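Engineer: First the structure, then my questions, so here it is.
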Protein chains: 6
Amino acid sequence: MKILDIYNILDEISPFSLQEKWDNSGLLVGNFEDKIKKIYVSIDLDEDFLNEVEENSLIITHHPLIFAPLKKINYDNYCTKLLKILIQKNIALISMHTNIDKTHLNMYVAKDILKLDIIEKEDINDFIIYANVNKDFDEFAKEITSKLGIEFTNVVKCNERVEKVGIVTGAGMSLLSEVKADCFLTGDIKYHDAMDAKSRNISLIDIRHYESEKYFNELLVGVLEKNLKKNELKAIISASKNPFKFCIQGETVE
Amino acid sequence: MKILDIYNILDEISPFSLQEKWDNSGLLVGNFEDKIKKIYVSIDLDEDFLNEVEENSLIITHHPLIFAPLKKINYDNYCTKLLKILIQKNIALISMHTNIDKTHLNMYVAKDILKLDIIEKEDINDFIIYANVNKDFDEFAKEITSKLGIEFTNVVKCNERVEKVGIVTGAGMSLLSEVKADCFLTGDIKYHDAMDAKSRNISLIDIRHYESEKYFNELLVGVLEKNLKKNELKAIISASKNPFKFCIQGETVE
Amino acid sequence: MKILDIYNILDEISPFSLQEKWDNSGLLVGNFEDKIKKIYVSIDLDEDFLNEVEENSLIITHHPLIFAPLKKINYDNYCTKLLKILIQKNIALISMHTNIDKTHLNMYVAKDILKLDIIEKEDINDFIIYANVNKDFDEFAKEITSKLGIEFTNVVKCNERVEKVGIVTGAGMSLLSEVKADCFLTGDIKYHDAMDAKSRNISLIDIRHYESEKYFNELLVGVLEKNLKKNELKAIISASKNPFKFCIQGETVE
Amino acid sequence: MKILDIYNILDEISPFSLQEKWDNSGLLVGNFEDKIKKIYVSIDLDEDFLNEVEENSLIITHHPLIFAPLKKINYDNYCTKLLKILIQKNIALISMHTNIDKTHLNMYVAKDILKLDIIEKEDINDFIIYANVNKDFDEFAKEITSKLGIEFTNVVKCNERVEKVGIVTGAGMSLLSEVKADCFLTGDIKYHDAMDAKSRNISLIDIRHYESEKYFNELLVGVLEKNLKKNELKAIISASKNPFKFCIQGETVE
Amino acid sequence: MKILDIYNILDEISPFSLQEKWDNSGLLVGNFEDKIKKIYVSIDLDEDFLNEVEENSLIITHHPLIFAPLKKINYDNYCTKLLKILIQKNIALISMHTNIDKTHLNMYVAKDILKLDIIEKEDINDFIIYANVNKDFDEFAKEITSKLGIEFTNVVKCNERVEKVGIVTGAGMSLLSEVKADCFLTGDIKYHDAMDAKSRNISLIDIRHYESEKYFNELLVGVLEKNLKKNELKAIISASKNPFKFCIQGETVE
Amino acid sequence: MKILDIYNILDEISPFSLQEKWDNSGLLVGNFEDKIKKIYVSIDLDEDFLNEVEENSLIITHHPLIFAPLKKINYDNYCTKLLKILIQKNIALISMHTNIDKTHLNMYVAKDILKLDIIEKEDINDFIIYANVNKDFDEFAKEITSKLGIEFTNVVKCNERVEKVGIVTGAGMSLLSEVKADCFLTGDIKYHDAMDAKSRNISLIDIRHYESEKYFNELLVGVLEKNLKKNELKAIISASKNPFKFCIQGETVE
């Protein structure tokens, strides 16, 4: 199957033109006319994973490997080290980032994983999914972290109750000023973000970047399955790993 | 004592001209000619803290309250809500951010708190402090987190041993490409930063933003004491709080 | 009454979205949810005026107090000195600048004050109001300055007659190249503007900035009266003063 | 005499490299290798003046004729109308603007015309000349306007006395925030400038743009005389006119 | 006839609003209200040609004389040397560049001169004209150069056959990445362009800038003839010359 | 030998810091710590050449392969097609572009190849080499093209004699306004450049891009030989080809 054909299927599922201006979704490595034998789906790339991928495959990731445009390729950082393996093994790379956040991923996590009482969104370009909650904060935090399998995390608790929640998978704190809810769920929350949220009286539960976006894998394999049926090609999950380990009182816990 | 006099003392201790281009250290609120009765020192501002501060005082913080230039002051976010209290209580605000990072804070934490075997830095404009370690990663992580009183955190472990460490208090991951060590300590580490570090084979221990910078308070009061002695004015620590609570398996722990 | 409610009334009268890109009309100081007891209308702010304004009021001005975005608030210039009083007295500030120029002010002065024979304008975004004149320049100048109560001013006389005039209140000389008339009325005319107009054969009468825009006060109170009727709230004029005195042969005349 | 030779003499008198970044001083029209027969000196250009200038001459003006770079030359504004005459009559144009402001003009007006008690300036790049005054404001205003022959003007009076004055010929209000004096003299003062000065407690006397800079003519002819002596060439004053007439109660006065 | 009238006729033939952003088509020299006696048409200007043009004429060129905006007019380069003659002889200049490329010129050369089998273009804003070829490269190159009267030129031959050709007169290599054909005809092909084309497997025939655009003259005179009929005014071709001579083994050949 | 060691030798020969701002000289592909077995020197890259290069080699080219920073690597243009081969064969790439133009190449061609009577240049940052000529243009053109082996080219002849010549290898027409000579030699001369030169009365001989820069190969191998002697490593010339063929009256000549 030609990469172009798969690209077109993906573009129908989640149009690349919906991506944000600063994003770099699309075919990042590989030629549209090349044929590939196997499709892998992974939230990200890492060396261990790439070493297992077969040559002449296509990988579909959530995060674009190339963000800052490249003037030199010196195999000395995350991007260029992995680029080297991709190109040497003739592996193509398509990334679906903010386009699939908007069309599928945020909704999938909010609805299918967290089973929230969703308020339908008005504009396809909105990132934030809202839901009615009406629970104690502690109970809600327990429920959310348990469903996502997050053992350790940070929270900012501004009120005893949560009435309405907003959710953005990955790292969504730059959207804080738009949040119209009393609680916000997202990952990679930094200290100054927490200070700002507290001041705005918006509670936070850090649902962690990797843990909240890893559902990209099963989600994409699911939608691809329906579209690729007639072809022999199968998309398989063979994902990169979370680089973080957690550390309690100096002891690393898996 | 006039604000200008205190500003000049601070400028001698840590010249404001050393601040980075994007920084906004200096006298953020208040007039140089005004007189103040009391000096408070705090890593940051929050509402509870400001409610306790006396009128006509001066607060010296580490982080600048104003970062994005203001076109509207609507009392609806961290910056403008606190600005309102400052101005209504006639409290002046001086921030010492990247200038004191360079001249004092990073070194103070590395040397006086962590008791590391420091390698002298060459350029006053460098942020990163380096030290020789030569320990097992697990042992080193335990030692560091214990000295900083950090119960829960994230680590990225690339090697069993740590030979040399770099340290930047606060949020220093934008400096990763400059790090010349096999382990890096800083706070607010995001998922993509962790991926990049792993790829560069640099271990990480997240020493957290607030927890690694809170030493600003005792440090500044210490240096001010010597310079303010002859005057009656005293600098007191009365700091803002960490907005984060930690949450293990859904249970919030203080 | 909540500020938001008044803001919405003003926005219906003269949509804030019509403002020019470089403008800063809108709620400059205060929170949309706050309640106010009194509305003042003034072309601008000055200290004497602010000292008389009651606490917890709203002032509606023509000129935005904040133009250059603020990084430091040092109470040492027009903007930050007055900001201090506004915030300390909890006075909110809304500015209606280029939006009301376009929807009301220029037309009001041309038609209701100067009683000119108006040519209807085509585009709501046009600033310049045109009128047919057909008079001697000297006679016309006398008439205009008399109606505006301007005793002393500068003129550039290119022709004996005035056929058609363009008018922009405040400081409109940056629009000279668009003027399609043989005479132009505006304020704050600088020397190089006068040179350019003379070269283009367009006569000028400086109708002065303050003197041509002070009608903002009565105009806005008038339109607000109709919209606020059912509420108890009243808008009162209590305006800032013209900082200029005139000086003839060294003698200052009021 | 070649234009280049005269240019070099002027550059020695007042180096063109001292001009501000936004300025366009230098040889604006004409070729360095051309020979000219006559030199005219004028603060500015206007049509009447150009019609009297002989062909193949050089004019030295204070203000650059070209400011905004030209993409079309349509003879329909000040700049392109006069460019046409210059080029058709083969007249060259050199402008000495911010360079001579810094090296001569501001000092000449302050010292030789206004006979002020000058405080020596420290940096050649400073525009503002300072002087000690110690007089009543009214007396000082009378003296200044009388010496400059200004019959009608605007003033902002903040204090009864003037202790120290700053002066910039032409239009210097953009320098207000740098002024370290209780009174400032400059031309083309706009309404918002006056508001700002009043708030800073700095009195203003508008010494008008043309009236304060017309001394450029005699100043430059004077310094040229010494340098051109050995050559037959003479510089003559034949200046442009002030486009403004003054108008009192509708009556135009010369 | 007024220049404005001719401008309007040209604007109907080929709207100036179609020009590219970086272009400067339009009335570059002269005033819309001036009357002219004679129209000349020429791809470009040069001194010999301008010396023959009558005073008070209008020249219509393909290339804009002014590209880089002018801050100084020193008669020392192509643009300002010729500007001097234009203005001194009171000759007006209109340029029709990328607008006529799009509406007429590229199509005229492809269809009427080269007699290619044109594929109709879809968007008026496209520059490239496509045609079916299906010939040997050598035969095709011979045919093209013979029809354009080009004796010497450069080619890049990637394939023995040409199936489909794209053509842009003048200098069109910046469009290479858009070319959807196996052969591309344009002028001013630089070495790196040739390297890129070879790598993309697109053959090139350099149809030279002047030689491929000189048809502007006959084309424009033709269309003007129909529109100017009722007026006495005639457009005549009196063109600038190609500055290049060709040199074979050191011998210059005309 | 490590790439870093070779890089350091090249940097001593011709410091990379001398490159122009817009240039991208340096290690474009490969890691400084990698070891290489063979060095190739070539003005540029092309597919045929790369297919012959051994794996794990280093190529030193004159032109940087990467100019526009890369956001996608789609193997569909000159840069990314060749990047693929480089990376798959683990070939490193160093480019020495404007730095070696300044330190060696322009001088080498002017002095050692063209045997011109050089005028020593004053500033290491100058690109243009000047020489005294004093010959008939035709004779000079014959001599130059003969020495460079250029059979066919374009010339602009402004004068019968050549007194002084300026020379820049490659494509140097952007420097025309700086040329202080009556004849200029460079490559890739476009039509508008020729018009400008003719107007400035500067004759041109197009010494072609590839033909004037191909001496980079022998030059670099020469200087490397001296520095690499003690090591076994040898630099060999194995260059890319000129993509252009010449075409006379439709016949392609090699």
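Identifiers in this document derive from the order of the structure tokens: chains are assigned A, B, ..., residues are numbered from 1 separately in each chain, and ligands are numbered from 1 in order of occurrence.
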Considering only C-alpha atoms, tabulate each residue of chain B that lies at most 8 Å from chain A along with its nearest interatomic pair and the corresponding distance in Å to one decimal; arrange the rows by chain and ascending residue number and present them as CSV.
Structural biologist:
residue,atom,partner,partner_atom,distance
B:Asp46,CA,A:Ser199,CA,7.7
B:Glu47,CA,A:Ser199,CA,7.8
B:Asp76,CA,A:Arg200,CA,6.7
B:Asn77,CA,A:Arg200,CA,5.6
B:Tyr78,CA,A:Asp196,CA,4.8
B:Cys79,CA,A:Asp196,CA,7.9
B:Lys81,CA,A:Ser199,CA,7.6
B:Asp138,CA,A:Gly250,CA,7.3
B:Glu139,CA,A:Gly250,CA,7.9
B:Ala141,CA,A:Gly250,CA,5.8
B:Lys142,CA,A:Gly250,CA,3.8
B:Glu143,CA,A:Gly250,CA,7.4
B:Thr145,CA,A:Gly250,CA,6.2
B:Ser146,CA,A:Gln249,CA,7.0
B:Ile150,CA,A:Gln249,CA,7.0
B:Glu151,CA,A:Gln249,CA,4.6
B:Phe152,CA,A:Ile248,CA,4.6
B:Thr153,CA,A:Cys247,CA,5.2
B:Asn154,CA,A:Phe246,CA,4.6
B:Val155,CA,A:Lys245,CA,5.3
B:Val156,CA,A:Phe244,CA,5.2
B:Lys157,CA,A:Lys245,CA,7.7
B:Ser177,CA,A:Asn77,CA,7.9
B:Asp188,CA,A:Lys190,CA,5.4
B:Ile189,CA,A:Asp188,CA,7.8
B:Lys190,CA,A:Asp188,CA,5.3
B:Tyr191,CA,A:His209,CA,6.2
B:Ala194,CA,A:Pro243,CA,6.0
B:Met195,CA,A:Pro243,CA,6.0
B:Asp196,CA,A:Tyr78,CA,4.8
B:Ala197,CA,A:Tyr78,CA,7.6
B:Lys198,CA,A:Pro243,CA,6.9
B:Ser199,CA,A:Tyr78,CA,5.1
B:Arg200,CA,A:Asn77,CA,5.7
B:His209,CA,A:Tyr191,CA,6.2
B:Tyr210,CA,A:Tyr191,CA,7.0
B:Pro243,CA,A:Met195,CA,6.0
B:Phe244,CA,A:Val156,CA,5.2
B:Lys245,CA,A:Val155,CA,5.3
B:Phe246,CA,A:Asn154,CA,4.6
B:Cys247,CA,A:Thr153,CA,5.2
B:Ile248,CA,A:Phe152,CA,4.6
B:Gln249,CA,A:Glu151,CA,4.6
B:Gly250,CA,A:Lys142,CA,3.8
B:Glu251,CA,A:Lys142,CA,6.8
B:Thr252,CA,A:Asp138,CA,7.6
Engineer: Could you list, as a PyMOL selection string, every residue within 12 Å of range 113-120 of chain F, counting only C-alpha atoms and ignoring same-chain residues fewer than 3 positions away?
Structural biologist: chain F and resi 105-110+123-124+126+128-135+140-149+163-167+169+181+185+207+211-216+218-219
Engineer: Would you output that residue set with C-alpha atoms, as a tab-separated table (two decimals), in the first residue's frame?
Structural biologist:
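Generated output (result-v4.tsv):
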chain	number	residue	atom	x	y	z
F	105	LEU	CA	38.70	30.51	-2.92
F	106	ASN	CA	38.19	33.91	-4.53
F	107	MET	CA	41.88	34.71	-4.17
F	108	TYR	CA	42.94	31.29	-5.46
F	109	VAL	CA	40.92	31.62	-8.66
F	110	ALA	CA	41.97	35.24	-9.23
F	123	ASP	CA	39.47	43.28	5.12
F	124	ILE	CA	39.23	39.51	5.59
F	126	ASP	CA	35.56	41.23	1.74
F	128	ILE	CA	35.57	40.79	-4.02
F	129	ILE	CA	39.15	40.42	-5.27
F	130	TYR	CA	40.37	43.34	-7.40
F	131	ALA	CA	43.08	43.33	-10.07
F	132	ASN	CA	44.60	45.81	-12.53
F	133	VAL	CA	43.98	44.81	-16.15
F	134	ASN	CA	44.50	47.54	-18.76
F	135	LYS	CA	43.50	45.46	-21.81
F	140	PHE	CA	40.46	40.09	-21.75
F	141	ALA	CA	37.26	38.08	-22.23
F	142	LYS	CA	39.12	35.61	-24.45
F	143	GLU	CA	41.86	35.21	-21.89
F	144	ILE	CA	39.54	34.71	-18.93
F	145	THR	CA	37.22	32.22	-20.63
F	146	SER	CA	40.15	30.31	-22.04
F	147	LYS	CA	41.84	29.98	-18.66
F	148	LEU	CA	38.61	28.77	-17.07
F	149	GLY	CA	37.79	26.47	-19.99
F	163	GLU	CA	41.18	49.02	-16.55
F	164	LYS	CA	40.36	47.28	-13.31
F	165	VAL	CA	38.40	44.12	-12.64
F	166	GLY	CA	36.55	42.73	-9.62
F	167	ILE	CA	36.00	38.98	-9.24
F	169	THR	CA	33.42	33.08	-7.83
F	181	ALA	CA	35.93	48.57	-10.97
F	185	LEU	CA	33.51	38.66	-13.19
F	207	ILE	CA	32.41	33.06	-15.51
F	211	GLU	CA	33.11	26.52	-13.70
F	212	SER	CA	34.39	29.28	-11.43
F	213	GLU	CA	34.00	27.34	-8.19
F	214	LYS	CA	35.14	23.87	-9.21
F	215	TYR	CA	38.68	24.88	-8.10
F	216	PHE	CA	37.42	24.42	-4.55
F	218	GLU	CA	41.96	21.02	-5.79
F	219	LEU	CA	42.38	23.97	-3.44
Engineer: If we count only C-alpha atoms and set the cut-off at 8 Å, which residues sit around Asp34 in chain B, ignoring sequence neighbours fewer than 4 positions away in its own chain? Please answer as a list in words.
Structural biologist: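 Here the answer would be Lys2, Ile3 and Gly30 of chain B.
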Engineer: Rounded to one decimal, what separation in Å do you get between CA of Tyr7 in chain E and CA of Leu50 in chain E?
Structural biologist: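 So the two atoms, CA of Tyr7 in chain E and CA of Leu50 in chain E, lie 20.8 Å apart.
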Engineer: Find the residues near Ile60 in chain D: any atom within 9 Å, counting only C-alpha atoms, skip ones fewer than 5 places away on the same chain, and give them as number ranges by chain.
Structural biologist: D: 39-44, 92-96, 220
Engineer: Figure out the distance between CA of Ser203 in chain D and CA of Arg161 in chain D, please, to one decimal in Å.
Structural biologist: 9.6 Å
Engineer: How many Å lie between CA of His97 in chain C and CA of Asp23 in chain C, rounded to one decimal?
Structural biologist: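 A separation of 7.5 Å between them.
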